[in-house]
file entry-v2.cif (mmCIF, C-alpha atoms)
data_query
loop_
_atom_site.label_atom_id
_atom_site.label_comp_id
_atom_site.auth_asym_id
_atom_site.auth_seq_id
_atom_site.Cartn_x
_atom_site.Cartn_y
_atom_site.Cartn_z
CA MET A 8 0.00 0.00 0.00
CA THR A 9 1.14 3.55 -0.65
CA ASP A 10 1.71 5.93 2.25
CA PRO A 11 -1.10 8.42 2.91
CA VAL A 12 -0.54 11.96 1.67
CA THR A 13 -1.73 14.72 3.99
CA THR A 14 -3.79 17.12 1.91
CA VAL A 15 -5.47 20.33 3.01
CA LYS A 16 -9.21 19.89 3.56
CA CYS A 17 -10.00 23.48 4.57
CA VAL A 18 -8.36 26.87 4.00
CA VAL A 19 -9.25 29.49 6.63
CA TRP A 20 -9.01 33.07 5.32
CA ASP A 21 -8.37 36.31 7.15
CA LEU A 22 -10.21 39.25 5.56
CA ASP A 23 -8.52 42.64 6.02
CA ASN A 24 -5.49 43.03 3.72
CA THR A 25 -5.67 39.32 2.95
CA LEU A 26 -8.87 38.33 1.16
CA TRP A 27 -9.59 41.95 0.33
CA LYS A 28 -7.49 45.11 0.00
CA GLY A 29 -7.67 47.44 2.95
CA VAL A 30 -9.45 47.42 6.31
CA LEU A 31 -13.22 47.19 6.27
CA LEU A 32 -13.76 49.43 9.30
CA GLU A 33 -11.75 52.16 7.56
CA ASP A 34 -13.07 51.65 4.02
CA GLY A 35 -16.42 50.01 3.51
CA ASP A 36 -15.74 49.63 -0.23
CA VAL A 37 -12.84 47.18 0.03
CA VAL A 38 -12.26 45.00 -3.05
CA LEU A 39 -10.81 41.53 -3.47
CA ASN A 40 -7.06 41.18 -3.60
CA GLU A 41 -5.45 39.97 -6.80
CA HIS A 42 -5.55 36.21 -7.37
CA VAL A 43 -8.06 35.71 -4.53
CA LEU A 44 -11.13 34.98 -6.66
CA ASP A 45 -9.19 32.59 -8.92
CA THR A 46 -7.75 30.84 -5.87
CA ILE A 47 -11.11 30.54 -4.10
CA THR A 48 -12.91 29.13 -7.14
CA ALA A 49 -10.08 26.72 -8.00
CA LEU A 50 -9.87 25.37 -4.45
CA ASP A 51 -13.64 24.96 -4.43
CA ALA A 52 -13.50 22.99 -7.69
CA ARG A 53 -10.85 20.70 -6.18
CA GLY A 54 -13.05 19.92 -3.18
CA VAL A 55 -11.07 22.01 -0.69
CA LEU A 56 -13.45 23.69 1.76
CA GLN A 57 -12.96 27.31 2.83
CA ALA A 58 -13.82 29.33 5.90
CA VAL A 59 -13.24 32.77 7.41
CA ALA A 60 -11.48 33.78 10.64
CA SER A 61 -11.40 37.57 10.94
CA LYS A 62 -11.21 40.23 13.60
CA ASN A 63 -14.16 42.31 12.47
CA ASP A 64 -17.79 43.01 13.25
CA HIS A 65 -19.67 40.03 11.85
CA GLU A 66 -22.65 41.67 10.14
CA PRO A 67 -20.80 44.24 7.97
CA ALA A 68 -18.00 41.76 7.16
CA TRP A 69 -20.40 39.06 6.00
CA GLN A 70 -22.46 41.63 4.09
CA ARG A 71 -19.32 42.73 2.23
CA LEU A 72 -18.48 39.10 1.37
CA GLU A 73 -21.97 38.78 -0.11
CA GLU A 74 -21.57 42.03 -2.07
CA LEU A 75 -18.26 40.76 -3.46
CA GLY A 76 -19.96 37.54 -4.57
CA VAL A 77 -17.81 35.16 -2.52
CA ALA A 78 -19.84 34.50 0.64
CA GLU A 79 -21.29 31.31 -0.86
CA TYR A 80 -17.81 29.73 -0.98
CA PHE A 81 -17.38 29.69 2.81
CA VAL A 82 -18.79 26.82 4.86
CA ALA A 83 -17.94 28.36 8.24
CA ALA A 84 -17.14 31.82 9.59
CA ARG A 85 -15.73 33.04 12.87
CA ILE A 86 -15.86 36.82 12.66
CA GLY A 87 -15.33 38.59 15.96
CA TRP A 88 -12.61 39.88 18.22
CA GLY A 89 -11.23 36.76 19.87
CA PRO A 90 -7.87 35.08 19.17
CA LYS A 91 -7.47 33.72 15.65
CA SER A 92 -6.27 30.39 17.05
CA ALA A 93 -9.58 29.94 18.87
CA SER A 94 -11.45 30.72 15.65
CA VAL A 95 -9.40 28.24 13.62
CA ARG A 96 -9.85 25.52 16.23
CA ALA A 97 -13.61 26.15 16.34
CA ILE A 98 -13.81 25.81 12.56
CA ALA A 99 -11.84 22.54 12.63
CA ASP A 100 -14.15 21.23 15.36
CA GLU A 101 -17.28 22.29 13.49
CA LEU A 102 -16.14 20.52 10.32
CA GLU A 103 -14.73 17.59 12.32
CA PHE A 104 -11.36 17.92 10.58
CA ALA A 105 -7.96 17.14 12.04
CA LEU A 106 -5.83 20.26 12.53
CA THR A 107 -3.20 18.76 10.22
CA THR A 108 -5.67 19.23 7.35
CA ILE A 109 -6.29 22.95 8.06
CA ALA A 110 -4.45 25.90 6.52
CA PHE A 111 -4.61 29.55 7.59
CA VAL A 112 -3.89 32.63 5.45
CA ASP A 113 -3.25 36.01 7.10
CA ASP A 114 -1.23 39.10 6.20
CA GLN A 115 -0.18 39.76 9.80
CA PRO A 116 2.95 37.93 11.07
CA ALA A 117 1.75 38.30 14.67
CA GLU A 118 -1.58 36.58 13.84
CA ARG A 119 0.17 33.74 12.03
CA ALA A 120 2.56 33.35 14.96
CA GLU A 121 -0.32 33.23 17.44
CA VAL A 122 -2.02 30.47 15.46
CA ALA A 123 1.25 28.58 14.93
CA PHE A 124 2.02 28.72 18.66
CA HIS A 125 -1.33 27.36 19.81
CA LEU A 126 -2.02 25.12 16.79
CA PRO A 127 1.37 23.98 15.45
CA GLN A 128 -0.31 21.37 13.21
CA VAL A 129 -1.97 24.10 11.11
CA ARG A 130 -0.20 25.34 7.98
CA CYS A 131 0.15 29.14 8.05
CA HIS A 132 0.65 31.23 4.90
CA PRO A 133 1.24 34.98 4.45
CA ALA A 134 -1.11 36.87 2.13
CA GLU A 135 1.64 37.31 -0.45
CA ALA A 136 1.73 33.51 -0.85
CA ILE A 137 -1.84 33.39 -2.22
CA PRO A 138 -0.71 33.23 -5.90
CA GLU A 139 1.39 30.14 -5.08
CA LEU A 140 -1.18 28.13 -3.12
CA LEU A 141 -2.69 26.37 -6.10
CA SER A 142 0.70 24.99 -7.14
CA LEU A 143 1.52 23.44 -3.76
CA PRO A 144 1.09 19.64 -3.59
CA GLU A 145 -1.08 19.73 -0.46
CA TYR A 146 -3.70 21.72 -2.40
CA ASN A 147 -3.68 19.33 -5.34
CA PRO A 148 -5.59 16.16 -4.46
CA PRO A 149 -4.52 13.24 -6.66
CA THR A 150 -8.06 12.92 -8.00
CA VAL A 151 -10.99 15.31 -8.29
CA THR A 152 -14.29 13.46 -8.34
CA VAL A 153 -17.87 14.56 -8.90
CA ASP A 154 -18.40 14.30 -5.14
CA SER A 155 -15.35 16.41 -4.34
CA ARG A 156 -16.48 19.16 -6.73
CA ARG A 157 -19.75 19.43 -4.82
CA ARG A 158 -18.23 18.97 -1.36
CA ARG A 159 -19.01 22.54 -0.33
CA GLN A 160 -22.67 22.18 -1.22
CA SER A 161 -22.78 18.93 0.77
CA TYR A 162 -21.37 20.61 3.87
CA GLN A 163 -23.73 23.55 3.50
CA ALA A 164 -26.68 21.15 3.22
CA ASN A 165 -25.37 19.40 6.31
CA ALA A 166 -25.39 22.71 8.15
CA ARG A 167 -29.08 23.11 7.26
CA ARG A 168 -29.75 19.58 8.53
CA ARG A 169 -27.95 20.39 11.75
CA ALA A 170 -29.93 23.59 12.22
CA GLU A 171 -33.18 21.70 11.69
CA GLN A 172 -32.08 19.00 14.10
CA GLU A 173 -31.36 21.58 16.78
CA SER A 174 -34.90 22.93 16.43
CA PHE A 175 -36.49 19.48 16.21
CA ASP A 176 -38.58 18.62 19.25
CA GLY A 177 -38.53 14.85 19.60
CA PRO A 178 -36.35 11.75 19.84
CA SER A 179 -33.28 11.55 17.61
CA GLU A 180 -34.67 8.46 15.86
CA GLU A 181 -37.75 10.43 14.83
CA PHE A 182 -35.57 13.19 13.42
CA LEU A 183 -33.61 10.67 11.36
CA ARG A 184 -36.85 9.23 10.00
CA SER A 185 -37.98 12.74 9.09
CA LEU A 186 -34.95 13.10 6.81
CA ASP A 187 -36.16 10.31 4.48
CA LEU A 188 -32.67 8.81 4.47
CA VAL A 189 -31.74 6.37 1.73
CA MET A 190 -28.60 4.20 1.60
CA GLU A 191 -27.46 2.13 -1.35
CA ILE A 192 -24.67 -0.46 -1.27
CA ASN A 193 -23.43 -1.58 -4.67
CA ARG A 194 -20.43 -3.23 -6.20
CA ALA A 195 -18.04 -0.48 -7.21
CA THR A 196 -17.37 0.15 -10.88
CA THR A 197 -14.20 1.57 -12.41
CA ASP A 198 -15.93 4.97 -12.46
CA ASP A 199 -16.26 4.79 -8.65
CA LEU A 200 -12.60 4.09 -7.90
CA SER A 201 -11.39 7.68 -7.70
CA ARG A 202 -13.95 8.48 -4.99
CA MET A 203 -13.21 5.17 -3.22
CA GLU A 204 -9.50 6.04 -3.15
CA GLU A 205 -10.33 9.52 -1.88
CA LEU A 206 -12.38 8.05 0.98
CA THR A 207 -9.51 5.82 2.09
CA LEU A 208 -7.16 8.80 1.90
CA ARG A 209 -9.23 11.60 3.46
CA THR A 210 -11.26 9.69 6.05
CA SER A 211 -9.56 9.36 9.43
CA GLN A 212 -12.24 9.18 12.14
CA MET A 213 -14.23 6.45 10.38
CA ASN A 214 -11.43 4.46 8.76
CA ALA A 215 -11.04 1.09 10.48
CA THR A 216 -7.36 0.65 9.62
CA GLY A 217 -6.08 4.05 8.45
CA VAL A 218 -4.75 2.33 5.33
CA HIS A 219 -4.80 4.18 2.00
CA TYR A 220 -5.73 2.11 -1.03
CA SER A 221 -4.62 3.64 -4.33
CA ASP A 222 -6.59 3.49 -7.55
CA ALA A 223 -4.29 0.67 -8.70
CA ASP A 224 -4.84 -1.25 -5.44
CA LEU A 225 -8.60 -0.95 -5.78
CA ARG A 226 -8.54 -1.84 -9.47
CA ALA A 227 -6.63 -5.03 -8.68
CA LEU A 228 -9.21 -6.01 -6.06
CA LEU A 229 -12.01 -5.19 -8.49
CA ASP A 230 -10.53 -7.70 -10.93
CA ASP A 231 -10.12 -10.39 -8.22
CA ALA A 232 -13.10 -12.74 -8.02
CA ARG A 233 -12.41 -13.37 -4.32
CA HIS A 234 -12.88 -9.70 -3.40
CA GLU A 235 -15.85 -7.40 -3.19
CA VAL A 236 -15.24 -3.65 -3.53
CA LEU A 237 -18.44 -2.07 -2.21
CA ALA A 238 -19.51 1.53 -2.69
CA VAL A 239 -21.92 3.12 -0.20
CA THR A 240 -24.00 6.14 -1.22
CA MET A 241 -26.59 8.11 0.75
CA GLY A 242 -29.15 10.84 0.24
CA ASP A 243 -32.09 12.50 1.98
CA ARG A 244 -34.67 15.19 1.41
CA PHE A 245 -31.95 17.86 1.56
CA GLY A 246 -30.16 16.26 -1.40
CA PRO A 247 -27.56 13.60 -2.21
CA HIS A 248 -24.64 12.93 0.12
CA GLY A 249 -22.90 11.14 -2.73
CA ALA A 250 -20.45 8.32 -2.09
CA VAL A 251 -19.97 8.13 1.68
CA GLY A 252 -18.34 4.76 2.26
CA VAL A 253 -16.20 1.94 0.94
CA ALA A 254 -15.88 -1.65 2.15
CA LEU A 255 -13.25 -4.12 0.97
CA LEU A 256 -14.24 -7.71 1.59
CA GLU A 257 -12.56 -11.01 0.75
CA THR A 258 -15.07 -13.85 0.62
CA GLY A 259 -14.45 -17.53 1.20
CA PRO A 260 -16.65 -20.55 1.87
CA ALA A 261 -16.10 -20.53 5.65
CA VAL A 262 -14.93 -17.02 6.52
CA TRP A 263 -15.39 -13.55 5.09
CA HIS A 264 -12.58 -11.05 5.75
CA LEU A 265 -13.52 -7.37 5.98
CA LYS A 266 -10.17 -5.72 5.22
CA LEU A 267 -11.39 -2.13 5.31
CA LEU A 268 -14.46 -0.14 6.17
CA ALA A 269 -14.28 3.62 5.78
CA THR A 270 -17.19 6.06 5.89
CA SER A 271 -17.35 9.82 5.69
CA CYS A 272 -17.52 11.64 9.01
CA ARG A 273 -20.50 13.56 7.56
CA VAL A 274 -22.74 10.53 8.02
CA VAL A 275 -21.56 9.38 11.44
CA SER A 276 -24.68 10.74 13.13
CA PHE A 277 -26.85 8.72 10.74
CA GLY A 278 -25.34 5.44 11.91
CA ALA A 279 -23.89 4.69 8.48
CA GLY A 280 -21.05 2.52 9.75
CA ALA A 281 -23.31 0.38 11.94
CA THR A 282 -25.82 0.01 9.09
CA VAL A 283 -23.14 -1.31 6.74
CA LEU A 284 -21.79 -3.67 9.41
CA ASN A 285 -25.23 -5.07 10.26
CA TRP A 286 -25.91 -5.63 6.57
CA LEU A 287 -22.57 -7.43 6.13
CA ILE A 288 -23.33 -9.58 9.18
CA SER A 289 -26.68 -10.60 7.69
CA GLU A 290 -25.10 -11.37 4.32
CA ALA A 291 -22.41 -13.51 5.95
CA ALA A 292 -25.07 -15.33 7.97
CA ALA A 293 -26.99 -16.10 4.78
CA ALA A 294 -23.80 -17.52 3.25
CA GLY A 295 -23.04 -19.60 6.36
CA ALA A 296 -19.67 -17.87 6.83
CA HIS A 297 -17.97 -16.32 9.85
CA LEU A 298 -17.02 -12.65 9.55
CA VAL A 299 -13.62 -11.26 10.56
CA ALA A 300 -12.83 -7.54 10.42
CA ASP A 301 -9.45 -5.83 10.50
CA PHE A 302 -9.09 -2.97 12.95
CA ARG A 303 -5.91 -0.97 13.52
CA PRO A 304 -6.13 1.75 16.19
CA THR A 305 -5.08 5.24 15.12
CA ALA A 306 -5.13 8.58 16.92
CA ARG A 307 -8.58 9.39 15.50
CA ASN A 308 -10.58 6.24 14.72
CA ARG A 309 -11.83 5.29 18.18
CA ILE A 310 -15.41 5.88 16.99
CA MET A 311 -14.98 3.12 14.40
CA GLU A 312 -13.86 0.67 17.08
CA VAL A 313 -17.02 1.53 19.03
CA ALA A 314 -19.10 0.73 15.92
CA TYR A 315 -17.45 -2.69 15.61
CA ARG A 316 -17.91 -3.50 19.29
CA PHE A 317 -21.49 -2.25 19.33
CA THR A 318 -22.44 -4.55 16.45
CA GLY A 319 -20.98 -7.56 18.26
CA PHE A 320 -17.41 -7.99 17.02
CA THR A 321 -15.00 -9.29 19.68
CA GLU A 322 -11.42 -10.49 19.96
CA GLU A 323 -12.51 -14.03 20.79
CA HIS A 324 -10.37 -16.74 19.21
CA CYS A 325 -11.97 -18.84 16.50
CA ALA A 326 -10.49 -21.59 14.36
CA CYS A 327 -11.57 -19.66 11.26
CA LEU A 328 -8.82 -17.14 11.94
CA GLY A 329 -6.33 -19.77 10.90
CA GLU A 330 -7.60 -19.50 7.33
CA LEU A 331 -6.46 -15.88 7.06
CA ARG A 332 -2.96 -14.70 6.33
CA ARG A 333 -1.44 -13.04 9.39
CA ALA A 334 -1.35 -9.25 9.43
CA ASP A 335 2.14 -8.00 8.64
CA ASP A 336 2.22 -4.82 10.73
CA GLY A 337 1.82 -6.29 14.22
CA GLU A 338 -0.80 -3.63 15.05
CA THR A 339 -3.87 -4.86 13.19
CA GLN A 340 -6.45 -6.59 15.37
CA ARG A 341 -8.68 -9.31 13.98
CA LEU A 342 -12.21 -8.85 15.31
CA HIS A 343 -14.56 -11.81 14.94
CA ILE A 344 -18.27 -12.48 14.90
CA THR A 345 -20.36 -15.57 14.26
CA PRO A 346 -23.10 -13.96 12.19
CA ALA A 347 -26.85 -14.20 12.66
CA PRO A 348 -29.46 -12.30 10.62
CA ARG A 349 -29.97 -8.68 11.65
CA PRO A 350 -33.21 -6.68 11.32
CA ALA A 351 -33.49 -4.04 8.62
CA PRO A 352 -32.60 -0.50 9.75
CA ASP A 353 -35.59 1.49 10.97
CA THR A 354 -34.26 5.02 10.40
CA LEU A 355 -33.39 4.71 6.71
CA ARG A 356 -34.29 2.78 3.58
CA LEU A 357 -31.52 0.39 2.52
CA THR A 358 -31.10 -1.18 -0.89
CA ALA A 359 -28.08 -3.41 -1.44
CA VAL A 360 -26.59 -6.10 -3.62
CA ARG A 361 -26.60 -9.70 -2.52
CA LEU A 362 -23.11 -10.99 -1.78
CA GLY A 363 -21.70 -14.39 -2.49
CA ARG A 364 -23.27 -14.28 -5.95
CA VAL A 365 -21.84 -13.58 -9.38
CA PRO A 366 -22.79 -10.06 -10.53
CA ASP A 367 -25.29 -9.83 -13.36
CA ALA A 368 -23.74 -9.50 -16.79
CA VAL A 369 -23.69 -5.97 -18.16
#
call {"tool": "encode", "arguments": {"input": "entry-v2.cif", "output": "structure tokens"}}
result
Amino acid sequence: MTDPVTTVKCVVWDLDNTLWKGVLLEDGDVVLNEHVLDTITALDARGVLQAVASKNDHEPAWQRLEELGVAEYFVAARIGWGPKSASVRAIADELEFALTTIAFVDDQPAERAEVAFHLPQVRCHPAEAIPELLSLPEYNPPTVTVDSRRRRQSYQANARRRAEQESFDGPSEEFLRSLDLVMEINRATTDDLSRMEELTLRTSQMNATGVHYSDADLRALLDDARHEVLAVTMGDRFGPHGAVGVALLETGPAVWHLKLLATSCRVVSFGAGATVLNWLISEAAAAGAHLVADFRPTARNRIMEVAYRFTGFTEEHCACLGELRRADDGETQRLHITPAPRPAPDTLRLTAVRLGRVPDAV
């Protein structure tokens, strides 16, 4: 497997003398700096989210962003008079991104130093570096998929969901039902592989092993009759979530080996990981096979371990483990379950392929 490449998921912009020329409180007619619009639109097209952290009064600053035609590009904004480091951290927390995937652009050396001191994982750039950002490797994801090009819209729709959830008066299960959630699990096609690779690369909280599978790795598994490469998509009444998960499964007559499960953090609250696991458990039960899942602890994927444990996976020894090749890294745990049929999910509508069968001819 190739080593993961740390790419920037979100660029946080200062405003005064960075995104625009001048200081808003001194000149209400500030205009965008050179290269800013091109940079913002190009990052957006590459699936890099953008946010604002500015020392300003919120209402006039946001109004000016709207007048300049760029407000729609920002998925989060912290505009006030607190420390920039607190604003950047709040944005990372809101988006559920690791600080290593955040970048900060500000014209003031003191502001960059304050952020770098409190958040050393965050990349900090001066305003004069804006023309160079698009050429840096961390801003050039190896693939740009349909889902990545609409990532901003997905996060903005998620913000509307969250706002509705906060105002919803009732149990969380009833709110989920109100969303009209739909999940589909299908065998991946070659057209899906770029997004599948992106999920293994970008997903950290809900990646069971932290392993990155390249396009070539996935293509090889797609061509291997023993393996299933499964693509998970979701949608609801707010719109499509797109591809939100990938599962890599090796099937055998007595034991099925789940080598990777990765789902987007955007669908954690919908129970996406548990839904996929329960479906896999039912499919394995129908095939009369045990199910073994790889799990390798990382600094951020504790929530995935909880999903495995909650659905019944344990570290109990079973003779079926002897049929699997030993993990090479010494860190990967083999979690086991003797499957039994699971009920259909009651908060979403699931449609899925049947495993253990030859796909229909195209």
call {"tool": "closest_residue", "arguments": {"input": "entry-v2.cif", "among": "A:Ser161, A:Ser221, A:Gln70, A:Thr318", "to": "Val251 of chain A", "atoms": "only C-alpha atoms"}}
result
A:Ser161
call {"tool": "atom_distance", "arguments": {"input": "entry-v2.cif", "atom1": "atom CA of Glu235 of chain A", "atom2": "atom CA of Leu287 of chain A"}}
result
11.5 Å
call {"tool": "atom_distance", "arguments": {"input": "entry-v2.cif", "atom1": "atom CA of Leu255 of chain A", "atom2": "atom CA of Pro350 of chain A"}}
result
22.6 Å
call {"tool": "closest_residue", "arguments": {"input": "entry-v2.cif", "among": "A:Asp64, A:Asp36, A:Glu322, A:Asp51", "to": "Asn147 of chain A", "atoms": "all atoms listed in the file"}}
result
A:Asp51
call {"tool": "residues_near_point", "arguments": {"input": "entry-v2.cif", "point": "(-9.6, 43.0, -2.0)", "cutoff": "10 Å", "atoms": "only C-alpha atoms", "output": "list in words"}}
result
Leu22, Asp23, Asn24, Thr25, Leu26, Trp27, Lys28, Gly29, Val30, Leu31, Asp36, Val37, Val38, Leu39, Asn40, Glu41, His42, Val43, Leu44 and Leu75 of chain A
call {"tool": "residues_around", "arguments": {"input": "entry-v2.cif", "residues": "Met311 of chain A", "least_positions_apart": "4", "cutoff": "7 Å", "atoms": "all atoms listed in the file", "output": "list in words"}}
result
Met213, Asn214, Ala215 and Tyr315 of chain A
call {"tool": "closest_residue", "arguments": {"input": "entry-v2.cif", "among": "A:Ala166, A:Ala250, A:Leu298, A:Cys272", "to": "Ser201 of chain A", "atoms": "only C-alpha atoms"}}
result
A:Ala250
call {"tool": "closest_residue", "arguments": {"input": "entry-v2.cif", "among": "A:Thr358, A:Thr345, A:Gln340, A:Ser289", "to": "Thr305 of chain A", "atoms": "only C-alpha atoms"}}
result
A:Gln340
call {"tool": "closest_residue", "arguments": {"input": "entry-v2.cif", "among": "A:Arg226, A:Arg167, A:Arg349, A:Arg303", "to": "Thr196 of chain A", "atoms": "only C-alpha atoms"}}
result
A:Arg226
call {"tool": "decode", "arguments": {"input": "entry-v2.cif", "residues": "segment 178-187 of chain A", "atoms": "all heavy atoms", "output": "PDB file, in the first residue's frame"}}
result
ATOM      1  N   PRO A 178     -37.489  12.666  19.764  1.00  0.00           N
ATOM      2  CA  PRO A 178     -36.347  11.748  19.845  1.00  0.00           C
ATOM      3  C   PRO A 178     -35.482  11.807  18.580  1.00  0.00           C
ATOM      4  O   PRO A 178     -35.971  12.114  17.480  1.00  0.00           O
ATOM      5  CB  PRO A 178     -37.014  10.368  19.985  1.00  0.00           C
ATOM      6  CG  PRO A 178     -38.423  10.642  20.412  1.00  0.00           C
ATOM      7  CD  PRO A 178     -38.776  11.968  19.831  1.00  0.00           C
ATOM      8  N   SER A 179     -34.202  11.491  18.740  1.00  0.00           N
ATOM      9  CA  SER A 179     -33.278  11.554  17.612  1.00  0.00           C
ATOM     10  C   SER A 179     -33.683  10.587  16.502  1.00  0.00           C
ATOM     11  O   SER A 179     -33.511  10.883  15.313  1.00  0.00           O
ATOM     12  CB  SER A 179     -31.850  11.257  18.077  1.00  0.00           C
ATOM     13  OG  SER A 179     -31.775   9.978  18.691  1.00  0.00           O
ATOM     14  N   GLU A 180     -34.239   9.417  16.875  1.00  0.00           N
ATOM     15  CA  GLU A 180     -34.670   8.458  15.859  1.00  0.00           C
ATOM     16  C   GLU A 180     -35.784   9.042  14.991  1.00  0.00           C
ATOM     17  O   GLU A 180     -35.823   8.816  13.778  1.00  0.00           O
ATOM     18  CB  GLU A 180     -35.158   7.156  16.505  1.00  0.00           C
ATOM     19  CG  GLU A 180     -34.082   6.337  17.188  1.00  0.00           C
ATOM     20  CD  GLU A 180     -33.762   6.848  18.585  1.00  0.00           C
ATOM     21  OE1 GLU A 180     -34.437   7.812  19.031  1.00  0.00           O
ATOM     22  OE2 GLU A 180     -32.845   6.297  19.216  1.00  0.00           O
ATOM     23  N   GLU A 181     -36.674   9.814  15.606  1.00  0.00           N
ATOM     24  CA  GLU A 181     -37.754  10.430  14.833  1.00  0.00           C
ATOM     25  C   GLU A 181     -37.195  11.482  13.878  1.00  0.00           C
ATOM     26  O   GLU A 181     -37.700  11.643  12.754  1.00  0.00           O
ATOM     27  CB  GLU A 181     -38.783  11.057  15.772  1.00  0.00           C
ATOM     28  CG  GLU A 181     -39.649  10.046  16.500  1.00  0.00           C
ATOM     29  CD  GLU A 181     -40.446   9.183  15.534  1.00  0.00           C
ATOM     30  OE1 GLU A 181     -40.926   9.712  14.515  1.00  0.00           O
ATOM     31  OE2 GLU A 181     -40.564   7.961  15.789  1.00  0.00           O
ATOM     32  N   PHE A 182     -36.178  12.204  14.320  1.00  0.00           N
ATOM     33  CA  PHE A 182     -35.566  13.189  13.421  1.00  0.00           C
ATOM     34  C   PHE A 182     -34.939  12.497  12.223  1.00  0.00           C
ATOM     35  O   PHE A 182     -35.110  12.939  11.083  1.00  0.00           O
ATOM     36  CB  PHE A 182     -34.515  14.019  14.156  1.00  0.00           C
ATOM     37  CG  PHE A 182     -33.732  14.911  13.221  1.00  0.00           C
ATOM     38  CD1 PHE A 182     -34.325  16.032  12.665  1.00  0.00           C
ATOM     39  CD2 PHE A 182     -32.425  14.605  12.873  1.00  0.00           C
ATOM     40  CE1 PHE A 182     -33.623  16.845  11.777  1.00  0.00           C
ATOM     41  CE2 PHE A 182     -31.716  15.406  11.997  1.00  0.00           C
ATOM     42  CZ  PHE A 182     -32.323  16.532  11.448  1.00  0.00           C
ATOM     43  N   LEU A 183     -34.221  11.397  12.469  1.00  0.00           N
ATOM     44  CA  LEU A 183     -33.607  10.672  11.359  1.00  0.00           C
ATOM     45  C   LEU A 183     -34.668  10.178  10.381  1.00  0.00           C
ATOM     46  O   LEU A 183     -34.488  10.260   9.157  1.00  0.00           O
ATOM     47  CB  LEU A 183     -32.777   9.500  11.884  1.00  0.00           C
ATOM     48  CG  LEU A 183     -31.513   9.866  12.667  1.00  0.00           C
ATOM     49  CD1 LEU A 183     -30.791   8.615  13.150  1.00  0.00           C
ATOM     50  CD2 LEU A 183     -30.570  10.722  11.827  1.00  0.00           C
ATOM     51  N   ARG A 184     -35.773   9.673  10.896  1.00  0.00           N
ATOM     52  CA  ARG A 184     -36.851   9.229  10.004  1.00  0.00           C
ATOM     53  C   ARG A 184     -37.409  10.393   9.198  1.00  0.00           C
ATOM     54  O   ARG A 184     -37.804  10.232   8.039  1.00  0.00           O
ATOM     55  CB  ARG A 184     -37.962   8.552  10.812  1.00  0.00           C
ATOM     56  CG  ARG A 184     -37.549   7.226  11.455  1.00  0.00           C
ATOM     57  CD  ARG A 184     -38.747   6.511  12.070  1.00  0.00           C
ATOM     58  NE  ARG A 184     -38.305   5.367  12.861  1.00  0.00           N
ATOM     59  CZ  ARG A 184     -38.149   5.373  14.177  1.00  0.00           C
ATOM     60  NH1 ARG A 184     -38.442   6.475  14.866  1.00  0.00           N
ATOM     61  NH2 ARG A 184     -37.723   4.300  14.821  1.00  0.00           N
ATOM     62  N   SER A 185     -37.429  11.573   9.787  1.00  0.00           N
ATOM     63  CA  SER A 185     -37.981  12.739   9.090  1.00  0.00           C
ATOM     64  C   SER A 185     -37.115  13.159   7.911  1.00  0.00           C
ATOM     65  O   SER A 185     -37.577  13.890   7.032  1.00  0.00           O
ATOM     66  CB  SER A 185     -38.142  13.914  10.071  1.00  0.00           C
ATOM     67  OG  SER A 185     -36.892  14.544  10.332  1.00  0.00           O
ATOM     68  N   LEU A 186     -35.862  12.728   7.904  1.00  0.00           N
ATOM     69  CA  LEU A 186     -34.954  13.098   6.814  1.00  0.00           C
ATOM     70  C   LEU A 186     -35.191  12.297   5.538  1.00  0.00           C
ATOM     71  O   LEU A 186     -34.684  12.658   4.477  1.00  0.00           O
ATOM     72  CB  LEU A 186     -33.497  12.894   7.250  1.00  0.00           C
ATOM     73  CG  LEU A 186     -32.963  13.823   8.332  1.00  0.00           C
ATOM     74  CD1 LEU A 186     -31.544  13.438   8.703  1.00  0.00           C
ATOM     75  CD2 LEU A 186     -33.014  15.279   7.872  1.00  0.00           C
ATOM     76  N   ASP A 187     -35.955  11.191   5.632  1.00  0.00           N
ATOM     77  CA  ASP A 187     -36.160  10.305   4.475  1.00  0.00           C
ATOM     78  C   ASP A 187     -34.818   9.807   3.935  1.00  0.00           C
ATOM     79  O   ASP A 187     -34.537   9.864   2.731  1.00  0.00           O
ATOM     80  CB  ASP A 187     -36.940  11.015   3.362  1.00  0.00           C
ATOM     81  CG  ASP A 187     -38.332  11.433   3.799  1.00  0.00           C
ATOM     82  OD1 ASP A 187     -38.921  10.728   4.642  1.00  0.00           O
ATOM     83  OD2 ASP A 187     -38.817  12.468   3.318  1.00  0.00           O
TER      84      ASP A 187
END
